[in-house]
Structure formats: C-alpha cells, structure tokens
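> Got final06.txt for you, compact mmCIF, C-alpha atoms and all ligand atoms:
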```txt
# COMPACT_ATOMS: atom_id res chain seq x y z
CA MET O 216 0.00 0.00 0.00
CA LYS O 217 1.54 3.27 -1.13
CA ILE O 218 0.00 6.31 0.57
CA SER O 219 -0.17 9.03 -2.08
CA HIS O 220 -1.39 11.91 0.13
CA PHE O 221 -1.08 12.61 3.82
CA LYS O 222 -3.08 15.54 5.13
CA VAL O 223 -3.35 16.91 8.66
CA THR O 224 -6.18 19.39 9.34
CA PRO O 225 -6.28 21.17 12.72
CA PHE O 226 -9.72 21.94 14.14
CA SER O 227 -11.25 23.79 17.05
CA ASN O 228 -14.99 23.17 17.45
CA PRO O 229 -17.08 24.99 20.05
CA PHE O 230 -19.18 23.06 22.55
CA VAL O 231 -22.86 24.03 22.45
CA LYS O 232 -22.53 24.85 26.17
CA ALA O 233 -19.22 25.05 28.08
CA LEU O 234 -18.57 21.72 29.80
CA LYS O 235 -17.41 21.41 33.39
CA THR O 236 -15.86 18.36 35.01
CA SER O 237 -14.00 18.30 38.31
CA GLY O 238 -11.44 21.07 37.85
CA MET O 239 -11.78 21.52 34.06
CA THR O 240 -13.95 23.75 31.90
CA TYR O 241 -14.05 23.05 28.17
CA THR O 242 -15.30 25.64 25.70
CA HIS O 243 -13.80 24.11 22.52
CA ARG O 244 -12.76 20.66 21.36
CA GLU O 245 -9.39 20.87 19.68
CA GLY O 246 -7.38 18.37 17.71
CA VAL O 247 -6.47 17.30 14.19
CA TRP O 248 -8.14 15.27 11.49
CA VAL O 249 -5.88 13.04 9.45
CA GLN O 250 -6.55 11.94 5.90
CA LEU O 251 -4.56 9.29 4.05
CA ASN O 252 -5.09 8.49 0.38
CA TYR O 253 -4.41 5.18 -1.31
CA ALA O 254 -5.49 4.51 -4.91
CA ASN O 255 -9.04 5.93 -5.10
CA PHE O 256 -9.69 5.58 -1.41
CA ALA O 257 -9.44 8.21 1.33
CA GLY O 258 -9.22 7.13 4.96
CA VAL O 259 -9.80 9.51 7.88
CA GLY O 260 -9.06 9.56 11.59
CA GLU O 261 -9.04 11.96 14.52
CA ALA O 262 -6.32 12.72 17.04
CA SER O 263 -7.73 14.97 19.74
CA PRO O 264 -6.16 14.48 23.16
CA LEU O 265 -8.49 15.78 25.88
CA PRO O 266 -6.75 18.08 28.39
CA GLY O 267 -7.17 16.69 31.90
CA PHE O 268 -7.52 13.12 30.58
CA SER O 269 -4.83 12.64 27.93
CA THR O 270 -1.14 12.81 28.75
CA GLU O 271 0.02 14.01 25.32
CA THR O 272 -0.20 17.57 24.00
CA LEU O 273 -1.34 18.74 20.55
CA LYS O 274 2.25 19.70 19.77
CA GLU O 275 3.37 16.11 20.43
CA VAL O 276 0.54 14.93 18.18
CA HIS O 277 1.89 17.05 15.31
CA TYR O 278 5.46 15.77 15.86
CA ALA O 279 4.32 12.13 15.94
CA LEU O 280 2.26 12.53 12.75
CA GLU O 281 5.17 14.24 11.02
CA GLY O 282 7.47 11.37 12.03
CA PHE O 283 5.04 8.79 10.66
CA HIS O 284 4.60 10.78 7.45
CA GLN O 285 8.38 10.88 6.91
CA ALA O 286 8.61 7.13 7.51
CA ILE O 287 5.98 6.18 4.93
CA ASP O 288 6.55 8.92 2.35
CA GLY O 289 7.20 7.34 -1.04
CA GLU O 290 7.32 3.80 0.41
CA ASP O 291 5.23 0.88 -0.77
CA LEU O 292 4.41 -0.96 2.45
CA ASP O 293 2.19 -3.91 3.32
CA CYS O 294 -0.38 -3.57 6.12
CA GLU O 295 1.80 -5.25 8.70
CA GLU O 296 4.62 -2.79 8.05
CA LEU O 297 2.19 0.14 8.19
CA PHE O 298 0.80 -0.94 11.56
CA LEU O 299 4.32 -1.54 12.86
CA LEU O 300 5.29 2.02 11.87
CA ILE O 301 2.12 3.41 13.46
CA GLY O 302 3.12 1.65 16.71
CA ILE O 303 6.67 3.01 16.56
CA HIS O 304 5.61 6.60 15.91
CA SER O 305 2.79 6.75 18.47
CA GLN O 306 4.40 5.25 21.56
CA ASN O 307 3.57 8.24 23.74
CA THR O 308 0.68 9.58 21.67
CA PRO O 309 -2.26 7.15 21.86
CA SER O 310 -4.50 9.67 20.07
CA VAL O 311 -2.19 9.48 17.03
CA ARG O 312 -2.33 5.71 17.08
CA PHE O 313 -6.14 5.87 17.18
CA ALA O 314 -6.25 8.36 14.27
CA LEU O 315 -3.85 6.45 12.02
CA GLU O 316 -5.39 3.04 12.70
CA SER O 317 -8.85 4.52 11.97
CA ALA O 318 -7.61 5.98 8.68
CA ILE O 319 -5.92 2.76 7.51
CA TYR O 320 -8.93 0.60 8.47
CA ASP O 321 -11.20 3.14 6.77
CA ILE O 322 -9.22 2.62 3.54
CA LEU O 323 -9.12 -1.20 3.88
CA ALA O 324 -12.86 -1.38 4.60
CA LYS O 325 -13.67 0.88 1.63
CA GLU O 326 -11.51 -1.31 -0.59
CA ALA O 327 -13.42 -4.37 0.69
CA GLU O 328 -16.72 -2.45 0.22
CA LEU O 329 -17.78 -2.96 3.82
CA PRO O 330 -18.57 -0.79 6.83
CA LEU O 331 -15.46 -0.70 9.03
CA ALA O 332 -17.02 -2.77 11.86
CA LYS O 333 -18.03 -5.51 9.36
CA TYR O 334 -14.57 -5.44 7.77
CA LEU O 335 -13.05 -6.28 11.17
CA ASN O 336 -15.81 -8.68 12.25
CA SER O 337 -18.26 -10.12 9.71
CA ASN O 338 -20.78 -10.78 12.52
CA ALA O 339 -20.70 -7.19 13.79
CA ALA O 340 -24.10 -5.57 14.39
CA SER O 341 -25.05 -2.24 12.76
CA GLU O 342 -26.32 -0.55 15.90
CA ILE O 343 -25.22 -0.29 19.49
CA ALA O 344 -26.99 0.58 22.74
CA VAL O 345 -25.86 3.87 24.27
CA ASN O 346 -26.49 5.65 27.55
CA GLY O 347 -28.02 9.09 27.79
CA MET O 348 -26.66 11.92 29.96
CA THR O 349 -28.71 13.82 32.52
CA GLY O 350 -28.68 17.53 31.76
CA ILE O 351 -28.47 16.76 28.02
CA HIS O 352 -31.04 14.03 27.34
CA LEU O 353 -34.58 14.02 28.66
CA PRO O 354 -37.05 11.44 29.92
CA GLY O 355 -38.78 10.09 26.81
CA ASP O 356 -35.62 10.27 24.67
CA GLY O 357 -35.57 6.45 24.72
CA PHE O 358 -32.52 5.74 26.89
CA THR O 359 -32.75 2.98 29.52
CA ILE O 360 -29.45 3.96 31.16
CA MET O 361 -28.53 7.51 32.15
CA LYS O 362 -25.17 8.85 33.21
CA VAL O 363 -25.07 11.32 36.10
CA LYS O 364 -22.10 13.47 37.09
CA VAL O 365 -21.75 13.27 40.88
CA GLY O 366 -19.27 14.10 43.62
CA PHE O 367 -19.47 17.89 43.52
CA ARG O 368 -22.60 18.34 45.71
CA ASN O 369 -22.82 17.73 49.46
CA LEU O 370 -24.18 14.27 50.27
CA PHE O 371 -27.71 15.48 51.07
CA ASP O 372 -27.92 17.31 47.75
CA GLU O 373 -26.59 14.22 45.94
CA ILE O 374 -29.40 12.14 47.50
CA GLU O 375 -31.97 14.79 46.64
CA ASN O 376 -30.68 14.94 43.05
CA MET O 377 -31.02 11.16 42.70
CA GLU O 378 -34.54 11.24 44.16
CA TYR O 379 -35.44 13.91 41.62
CA LEU O 380 -33.87 11.99 38.70
CA THR O 381 -35.56 8.73 39.72
CA GLN O 382 -38.87 10.55 39.83
CA SER O 383 -38.36 12.21 36.43
CA PHE O 384 -36.91 9.26 34.51
CA GLY O 385 -38.78 6.46 36.29
CA LYS O 386 -37.79 3.61 38.60
CA GLU O 387 -36.93 1.25 35.72
CA ILE O 388 -34.19 3.55 34.39
CA GLN O 389 -30.69 2.70 35.58
CA PHE O 390 -28.13 5.34 36.50
CA ARG O 391 -24.37 5.36 36.08
CA LEU O 392 -22.74 7.65 38.63
CA ASP O 393 -19.52 9.26 37.39
CA CYS O 394 -17.37 10.65 40.21
CA ASN O 395 -14.21 11.50 38.20
CA GLY O 396 -12.09 10.30 41.12
CA VAL O 397 -13.13 12.90 43.72
CA PHE O 398 -13.69 10.75 46.83
CA ASP O 399 -11.36 9.20 49.36
CA LEU O 400 -12.20 5.75 50.70
CA PRO O 401 -14.35 6.73 53.73
CA LYS O 402 -16.34 9.23 51.64
CA ALA O 403 -16.76 6.71 48.80
CA ILE O 404 -18.08 4.10 51.26
CA ARG O 405 -20.60 6.61 52.67
CA PHE O 406 -21.64 7.76 49.22
CA CYS O 407 -22.17 4.19 47.94
CA LYS O 408 -24.19 3.26 51.04
CA GLU O 409 -26.56 6.19 50.35
CA MET O 410 -26.83 5.34 46.64
CA GLU O 411 -27.75 1.68 47.14
CA LYS O 412 -31.45 2.51 47.44
CA PHE O 413 -31.48 3.88 43.87
CA ASN O 414 -31.38 1.88 40.62
CA ILE O 415 -27.62 2.11 40.00
CA ASP O 416 -25.89 0.32 37.13
CA TYR O 417 -22.42 1.16 38.42
CA ILE O 418 -20.33 3.84 40.08
CA GLU O 419 -17.56 5.18 37.87
CA GLN O 420 -14.10 6.11 39.16
CA PRO O 421 -15.15 6.86 42.76
CA LEU O 422 -11.47 7.14 43.80
CA PRO O 423 -8.41 8.71 42.16
CA ALA O 424 -7.02 6.82 39.16
CA ALA O 425 -3.91 5.44 40.85
CA ASN O 426 -5.66 4.36 44.04
CA LEU O 427 -6.30 0.70 43.07
CA GLU O 428 -5.81 -0.65 46.58
CA ASP O 429 -8.65 1.47 47.97
CA LEU O 430 -10.84 0.70 44.93
CA ALA O 431 -10.40 -3.00 45.76
CA GLU O 432 -11.27 -2.26 49.40
CA LEU O 433 -14.41 -0.37 48.32
CA THR O 434 -15.75 -3.44 46.49
CA TYR O 435 -16.07 -5.13 49.92
CA HIS O 436 -18.23 -2.30 51.25
CA THR O 437 -20.88 -1.95 48.57
CA GLU O 438 -23.18 -3.95 46.33
CA ILE O 439 -22.82 -1.37 43.55
CA PRO O 440 -20.44 -2.53 40.79
CA ILE O 441 -17.27 -0.41 40.57
CA ALA O 442 -16.18 0.90 37.17
CA VAL O 443 -12.79 2.34 36.26
CA ASP O 444 -12.35 5.04 33.63
CA GLU O 445 -9.35 7.32 34.35
CA SER O 446 -7.49 4.28 35.80
CA ILE O 447 -7.37 2.62 32.34
CA THR O 448 -4.73 4.23 30.17
CA ASP O 449 -3.40 1.19 28.30
CA PHE O 450 -3.18 -2.61 28.40
CA GLN O 451 -0.69 -2.66 31.30
CA SER O 452 -2.93 -0.50 33.47
CA ALA O 453 -5.87 -2.83 32.73
CA GLU O 454 -3.75 -5.84 33.77
CA LYS O 455 -2.86 -4.09 37.00
CA ILE O 456 -6.53 -3.37 37.77
CA ILE O 457 -7.29 -7.06 37.33
CA ASP O 458 -4.31 -8.10 39.50
CA GLU O 459 -5.58 -5.81 42.26
CA GLN O 460 -9.23 -6.91 41.72
CA ALA O 461 -10.05 -3.22 41.76
CA ALA O 462 -13.05 -3.11 39.40
CA ASP O 463 -16.07 -4.90 37.91
CA VAL O 464 -16.40 -2.72 34.81
CA PHE O 465 -13.85 -1.32 32.33
CA ILE O 466 -14.63 2.02 30.67
CA ILE O 467 -12.37 2.20 27.63
CA LYS O 468 -11.73 5.43 25.74
CA PRO O 469 -10.01 4.69 22.41
CA MET O 470 -8.56 8.24 22.27
CA ILE O 471 -6.81 7.62 25.62
CA THR O 472 -5.83 3.96 25.32
CA GLY O 473 -4.80 4.17 21.67
CA GLY O 474 -6.80 2.70 18.86
CA PHE O 475 -8.23 -0.56 17.61
CA THR O 476 -5.31 -2.90 18.40
CA GLU O 477 -4.78 -1.84 22.02
CA CYS O 478 -8.53 -1.63 22.78
CA LYS O 479 -9.13 -5.14 21.42
CA LYS O 480 -6.41 -6.48 23.74
CA ILE O 481 -7.99 -4.75 26.76
CA ILE O 482 -11.52 -5.91 25.82
CA GLU O 483 -10.35 -9.52 25.45
CA LEU O 484 -8.49 -9.34 28.75
CA GLY O 485 -11.64 -8.06 30.47
CA ARG O 486 -13.80 -10.70 28.82
CA ALA O 487 -11.51 -13.49 30.05
CA GLU O 488 -11.85 -12.11 33.59
CA ASN O 489 -15.65 -11.56 33.50
CA ILE O 490 -15.25 -7.80 33.54
CA ARG O 491 -18.00 -5.80 31.82
CA THR O 492 -16.71 -3.45 29.12
CA VAL O 493 -18.08 -0.09 28.02
CA ILE O 494 -16.59 1.99 25.18
CA THR O 495 -16.93 5.74 25.51
CA SER O 496 -16.04 8.73 23.43
CA THR O 497 -13.72 11.48 24.64
CA LEU O 498 -16.12 14.12 23.29
CA GLU O 499 -14.59 13.76 19.84
CA THR O 500 -15.97 15.24 16.65
CA ASN O 501 -17.92 13.09 14.22
CA ILE O 502 -14.83 11.32 12.82
CA GLY O 503 -13.47 10.16 16.18
CA ARG O 504 -16.96 9.27 17.42
CA SER O 505 -17.68 7.16 14.33
CA ALA O 506 -14.41 5.31 14.86
CA CYS O 507 -15.47 4.60 18.48
CA VAL O 508 -18.85 3.26 17.31
CA HIS O 509 -17.22 0.94 14.74
CA LEU O 510 -14.62 -0.16 17.30
CA ALA O 511 -17.33 -1.07 19.82
CA LEU O 512 -19.37 -2.96 17.19
CA ALA O 513 -16.31 -4.77 15.81
CA ASN O 514 -15.64 -6.08 19.32
CA ASP O 515 -19.24 -7.24 19.98
CA ILE O 516 -19.69 -4.92 22.96
CA SER O 517 -23.10 -5.63 24.48
CA GLU O 518 -23.12 -2.98 27.23
CA ALA O 519 -24.69 0.42 26.56
CA CYS O 520 -21.77 2.64 25.54
CA GLY O 521 -21.02 6.30 26.24
CA LEU O 522 -21.18 7.40 22.62
CA ALA O 523 -24.22 9.70 22.53
CA THR O 524 -22.07 12.81 22.86
CA GLY O 525 -22.62 14.26 19.39
CA SER O 526 -25.16 16.84 20.51
CA LEU O 527 -22.58 18.49 22.79
CA LEU O 528 -20.63 19.91 19.84
CA ASN O 529 -21.50 22.44 17.15
CA GLU O 530 -20.41 20.61 14.02
CA GLY O 531 -22.97 21.15 11.30
CA LYS O 532 -22.31 17.65 9.95
CA PRO O 533 -24.36 14.47 9.74
CA THR O 534 -24.12 12.50 12.92
CA GLN O 535 -24.97 8.88 13.66
CA PRO O 536 -28.73 8.68 14.31
CA ILE O 537 -29.85 7.76 17.84
CA GLN O 538 -33.17 5.97 18.13
CA SER O 539 -34.64 4.16 21.15
CA GLY O 540 -31.29 4.44 22.93
CA LYS O 541 -29.30 2.96 20.05
CA ILE O 542 -26.78 4.47 17.63
CA SER O 543 -26.64 3.12 14.07
CA ILE O 544 -23.61 3.35 11.85
CA LEU O 545 -24.03 5.69 8.89
CA ASP O 546 -24.65 4.17 5.46
CA GLY O 547 -21.63 3.58 3.30
CA ASN O 548 -18.34 1.74 3.47
CA GLY O 549 -15.50 2.34 5.89
CA LEU O 550 -16.20 4.80 8.71
CA GLY O 551 -19.07 6.38 6.80
CA VAL O 552 -17.79 9.93 7.41
CA ASP O 553 -15.48 12.24 5.46
CA LEU O 554 -13.49 15.35 6.24
MG MG O 601 -15.83 9.00 33.38
```
Represent the structure from my file as structure tokens, please.
Ligand SMILES: [Mg+2]


Amino acid sequence: MKISHFKVTPFSNPFVKALKTSGMTYTHREGVWVQLNYANFAGVGEASPLPGFSTETLKEVHYALEGFHQAIDGEDLDCEELFLLIGIHSQNTPSVRFALESAIYDILAKEAELPLAKYLNSNAASEIAVNGMTGIHLPGDGFTIMKVKVGFRNLFDEIENMEYLTQSFGKEIQFRLDCNGVFDLPKAIRFCKEMEKFNIDYIEQPLPAANLEDLAELTYHTEIPIAVDESITDFQSAEKIIDEQAADVFIIKPMITGGFTECKKIIELGRAENIRTVITSTLETNIGRSACVHLALANDISEACGLATGSLLNEGKPTQPIQSGKISILDGNGLGVDL
C-alpha cells in the first residue's frame, strides 16, 4: 500500500454549552483530522487528546504525525509494516495511534466495500446501545441507562438529586454515577451506602485513578459494581486493575488507550476475567466518534456505551442517528464519514 497523500487538518470546534468536570472547563474541542489516500480511497481519523484526561499535547501529536509521514513517504508498504510504523511513531501519543489506525482501516474497509465494523468482524451488528446523559437528554428520549455526574454536591444534595432523577426518569431507568475520582475511601463508602437505594448500574471512578488498593477495598463495602475510567490508560494498566481486583467494569476510551489494536487487547483481557466493558467517546468530533462506534461494534460490545455525545458539539455535519437508545452506523463503506 503506497500512501499518495497525507493531510493533517487542525480543528477547534465549540461546545454548544461550556462543559465542566472536576477542575476543568471546556469551551472548545481541539485536535487534528488526518486523511490518508491510497489509490481511489481516502481514509480519515481523529487525534484529539483531551486536556485533563490525555497525557500528550497537541504539539506532540503534530510531531508524531510528522514522524510517521516521513517514515511512509514514497514507500510501498504492506499492512503489517504500516501498523508496525504506526506503533513506533505513536508510543507516547495514543490519540495518534487511534487516528492512524482509523484511517488505515477506513481505507481497507472501503476497498473491501464494507462498513469498518463488518470489515473487522463479519458478525458485527449495525447498531449499538448507548447511555443518555442527565442535563443533556430528557425522559422520553428512549434511553434505559442515564449517566449522572456526581461528587461535587454535598451528600444530602446528591441524594436529593437522585430522588429527583428517579422521579423524572422512572424507577426502571438505571443510573451510572460518574465521580471523576473525587472521593477518598471513607467518603466513597458513605456515598455508595446512600446510593444503594437507587437503581444504579455502576459507580464510575469513585477514587483517584492510581488508588487501586482502595478501589479494591471499596468493592467489599458496597453492592454497587465499581467501574474504572481514568485508571485505564493502556493494556498494562488494565492488567494491574485485574491483578488488584479493583473493578467490575472497564470504561475504555479509544482516544486515551490508543486505537483498535490496544482496545481489542484490553476488551479480550476483560472478557476473560468476567469484567464488563463499556466503550466511551472522549467528546470527539464526528470522525473520532464514528471510529469509536465501529470499534465497539467490531468487538461485539453488548453494554450500553457512552457514545451519545454528538449533541454536545457544534459541528454542522451528519451525525450517527440515535433511536430508542441505540446508535446506528451511517450508510456507506468504511467509517461512513469524510473530512
Ligand atoms: Mg468518566
């Protein structure tokens, strides 16, 4: 495969409403789109590290892409060599790995005349269950699982908020409580005890990312399944979580953990250990989000995923339709989206 064109397009897209998580406020989503051309096919991918979550900077992204471009420029390489070079040039930039793997698979799937998920897995479904988000999605939008940001109110207000949400959405709706690592162990134990009376699917990252020992301890104090998000940064970190028996659910962000190859390894590891796996976006634009949807489908993920984040950004582009709490892939081969 000889790549004839290599294009990097920086973007900065405004959020519809500024987003706040513990300690961070986001007004724009920044990153780069990558386009690779081979024969008559164009493949696209997105590298957009999220400040506060990702460890690499946008500058490092540009350097890594430039290094990869130099390595492949004018060369006729087979797929194995291409993926090897992607690995070499994205060792500390998982977002670059995700973007380049997306673009190459986009090309290969288009060549095979298949949607990307079906190219990687002929049994892949065309739609995936997704969770809604309180504050964005409403009762009646068709979601059966809602994500709630917690950990920034006092405990009485947290309880009141959950009573209100249960009343609005209904008792049959499950909630995922995302704490973004704000509690210490005694506070997490208290919080979980108070949440057990609600219909909780899991509690996400109740303790700081590196605090696996206390996460393991917390599992002895509550019935609520414990999910890790910020704790998973790559395959090694996932192995460590399993060694420490620190979680029941893996939340995998392809932009953080680095693309199709690494995510597949983590998903298979989780599966072998009876760990539930959820794929979530990192608030990417349409290109990155589509890649996440195809990645989840290609790996037969059955959990509702955190991929209904399209409405947070002002993009003015077609987005994957969400109906009855499910996202369908767009028509067409490959990723189904263009630059
Ligand atoms: Mg989270």

> For atom CA of O:Ala462 and atom CA of O:Thr492, determine how far apart the two atoms are, in Å to one decimal place.

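The value is 10.9 Å.
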
> Counting all atoms listed in the file, what residues are within 7 Å of ligand MG 601 (chain O), given as a PDB file with C-alpha atoms, in the coordinates of the input?


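As a result, part-v3.pdb now contains:
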```pdb
ATOM      1  CA  ASP O 393     -19.520   9.260  37.390  1.00  0.00           C
ATOM      2  CA  ASN O 395     -14.210  11.500  38.200  1.00  0.00           C
ATOM      3  CA  GLU O 419     -17.560   5.180  37.870  1.00  0.00           C
ATOM      4  CA  GLN O 420     -14.100   6.110  39.160  1.00  0.00           C
ATOM      5  CA  ASP O 444     -12.350   5.040  33.630  1.00  0.00           C
ATOM      6  CA  GLU O 445      -9.350   7.320  34.350  1.00  0.00           C
TER       7      GLU O 445
END
```

> Quick one: contact table of stretch 509-532 of chain O to stretch 228-234 of chain O, 12 Å max, nearest atom pair and distance in Å to one decimal per residue, counting all atoms listed in the file, chain and number order, as a tab-separated table?


```
residue	atom	partner	partner_atom	distance
O:Thr524	CA	O:Phe230	CA	10.7
O:Gly525	CA	O:Phe230	CA	10.0
O:Ser526	CA	O:Val231	CA	7.8
O:Leu527	CA	O:Val231	CA	5.6
O:Leu528	CA	O:Phe230	CA	4.4
O:Asn529	CA	O:Val231	CA	5.7
O:Glu530	CA	O:Asn228	CA	6.9
O:Gly531	CA	O:Asn228	CA	10.3
O:Lys532	CA	O:Asn228	CA	11.8
```

> Which residues, written as a CSV table (one decimal) with C-alpha atoms, in the frame of the given file, have at least one atom at most 9 Å from O:Val552, with only C-alpha atoms counted and residues fewer than 6 positions away on the same chain left out?


```csv
chain,number,residue,atom,x,y,z
O,259,VAL,CA,-9.8,9.5,7.9
O,501,ASN,CA,-17.9,13.1,14.2
O,502,ILE,CA,-14.8,11.3,12.8
O,505,SER,CA,-17.7,7.2,14.3
O,533,PRO,CA,-24.4,14.5,9.7
O,534,THR,CA,-24.1,12.5,12.9
O,545,LEU,CA,-24.0,5.7,8.9
```

> Within 12 Å of (-1.4, 12.1, 2.0) in the file's own coordinates, which protein, DNA or RNA residues have an atom, counting all atoms listed in the file? List them as a list of chain:residue names.

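Answer for this query, in the requested form: O:Lys217, O:Ile218, O:Ser219, O:His220, O:Phe221, O:Lys222, O:Val223, O:Thr224, O:Val249, O:Gln250, O:Leu251, O:Asn252, O:Tyr253, O:Ala254, O:Phe256, O:Ala257, O:Gly258, O:Val259, O:Leu280, O:Glu281, O:Phe283, O:His284, O:Gln285, O:Ile287, O:Asp288, O:Gly289, O:Leu315, O:Ala318, O:Ile319.
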
> Would you mind exporting the chosen residues as a CSV table (one decimal), in the coordinates of the input, restricted to C-alpha atoms?


```csv
chain,number,residue,atom,x,y,z
O,217,LYS,CA,1.5,3.3,-1.1
O,218,ILE,CA,0.0,6.3,0.6
O,219,SER,CA,-0.2,9.0,-2.1
O,220,HIS,CA,-1.4,11.9,0.1
O,221,PHE,CA,-1.1,12.6,3.8
O,222,LYS,CA,-3.1,15.5,5.1
O,223,VAL,CA,-3.4,16.9,8.7
O,224,THR,CA,-6.2,19.4,9.3
O,249,VAL,CA,-5.9,13.0,9.4
O,250,GLN,CA,-6.6,11.9,5.9
O,251,LEU,CA,-4.6,9.3,4.0
O,252,ASN,CA,-5.1,8.5,0.4
O,253,TYR,CA,-4.4,5.2,-1.3
O,254,ALA,CA,-5.5,4.5,-4.9
O,256,PHE,CA,-9.7,5.6,-1.4
O,257,ALA,CA,-9.4,8.2,1.3
O,258,GLY,CA,-9.2,7.1,5.0
O,259,VAL,CA,-9.8,9.5,7.9
O,280,LEU,CA,2.3,12.5,12.8
O,281,GLU,CA,5.2,14.2,11.0
O,283,PHE,CA,5.0,8.8,10.7
O,284,HIS,CA,4.6,10.8,7.4
O,285,GLN,CA,8.4,10.9,6.9
O,287,ILE,CA,6.0,6.2,4.9
O,288,ASP,CA,6.6,8.9,2.4
O,289,GLY,CA,7.2,7.3,-1.0
O,315,LEU,CA,-3.8,6.4,12.0
O,318,ALA,CA,-7.6,6.0,8.7
O,319,ILE,CA,-5.9,2.8,7.5
```

> If I put a ball of radius 12 Å at (0.0, 6.7, 20.7) in the file's coordinates, which residues poke into it when counting all atoms listed in the file, written as a PyMOL selection string?

chain O and resi 262-264+269-272+275-280+283+298+300-316+448-449+469-477

> May I ask for the distance between atom CA of O:Gly366 and atom CA of O:Thr349, given in Å to one decimal place?

14.6 Å

> Pick out the closest residue to O:His352 from this set: O:Ile537, O:Ile418, O:Leu329, O:Leu433. Count all atoms listed in the file.

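Smallest distance to O:His352 is found for O:Ile537.
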
> What's around O:Asp515 at 9 Å? Count only C-alpha atoms, leave out sequence neighbours fewer than 5 positions away in its own chain, and write the answer as a compact mmCIF listing (two decimals) with C-alpha atoms, in the frame of the given file.


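So part-v4.txt came out as:
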```
# COMPACT_ATOMS: atom_id res chain seq x y z
CA ASN O 336 -15.81 -8.68 12.25
CA ASN O 338 -20.78 -10.78 12.52
CA ALA O 339 -20.70 -7.19 13.79
CA ALA O 340 -24.10 -5.57 14.39
CA LEU O 510 -14.62 -0.16 17.30
```
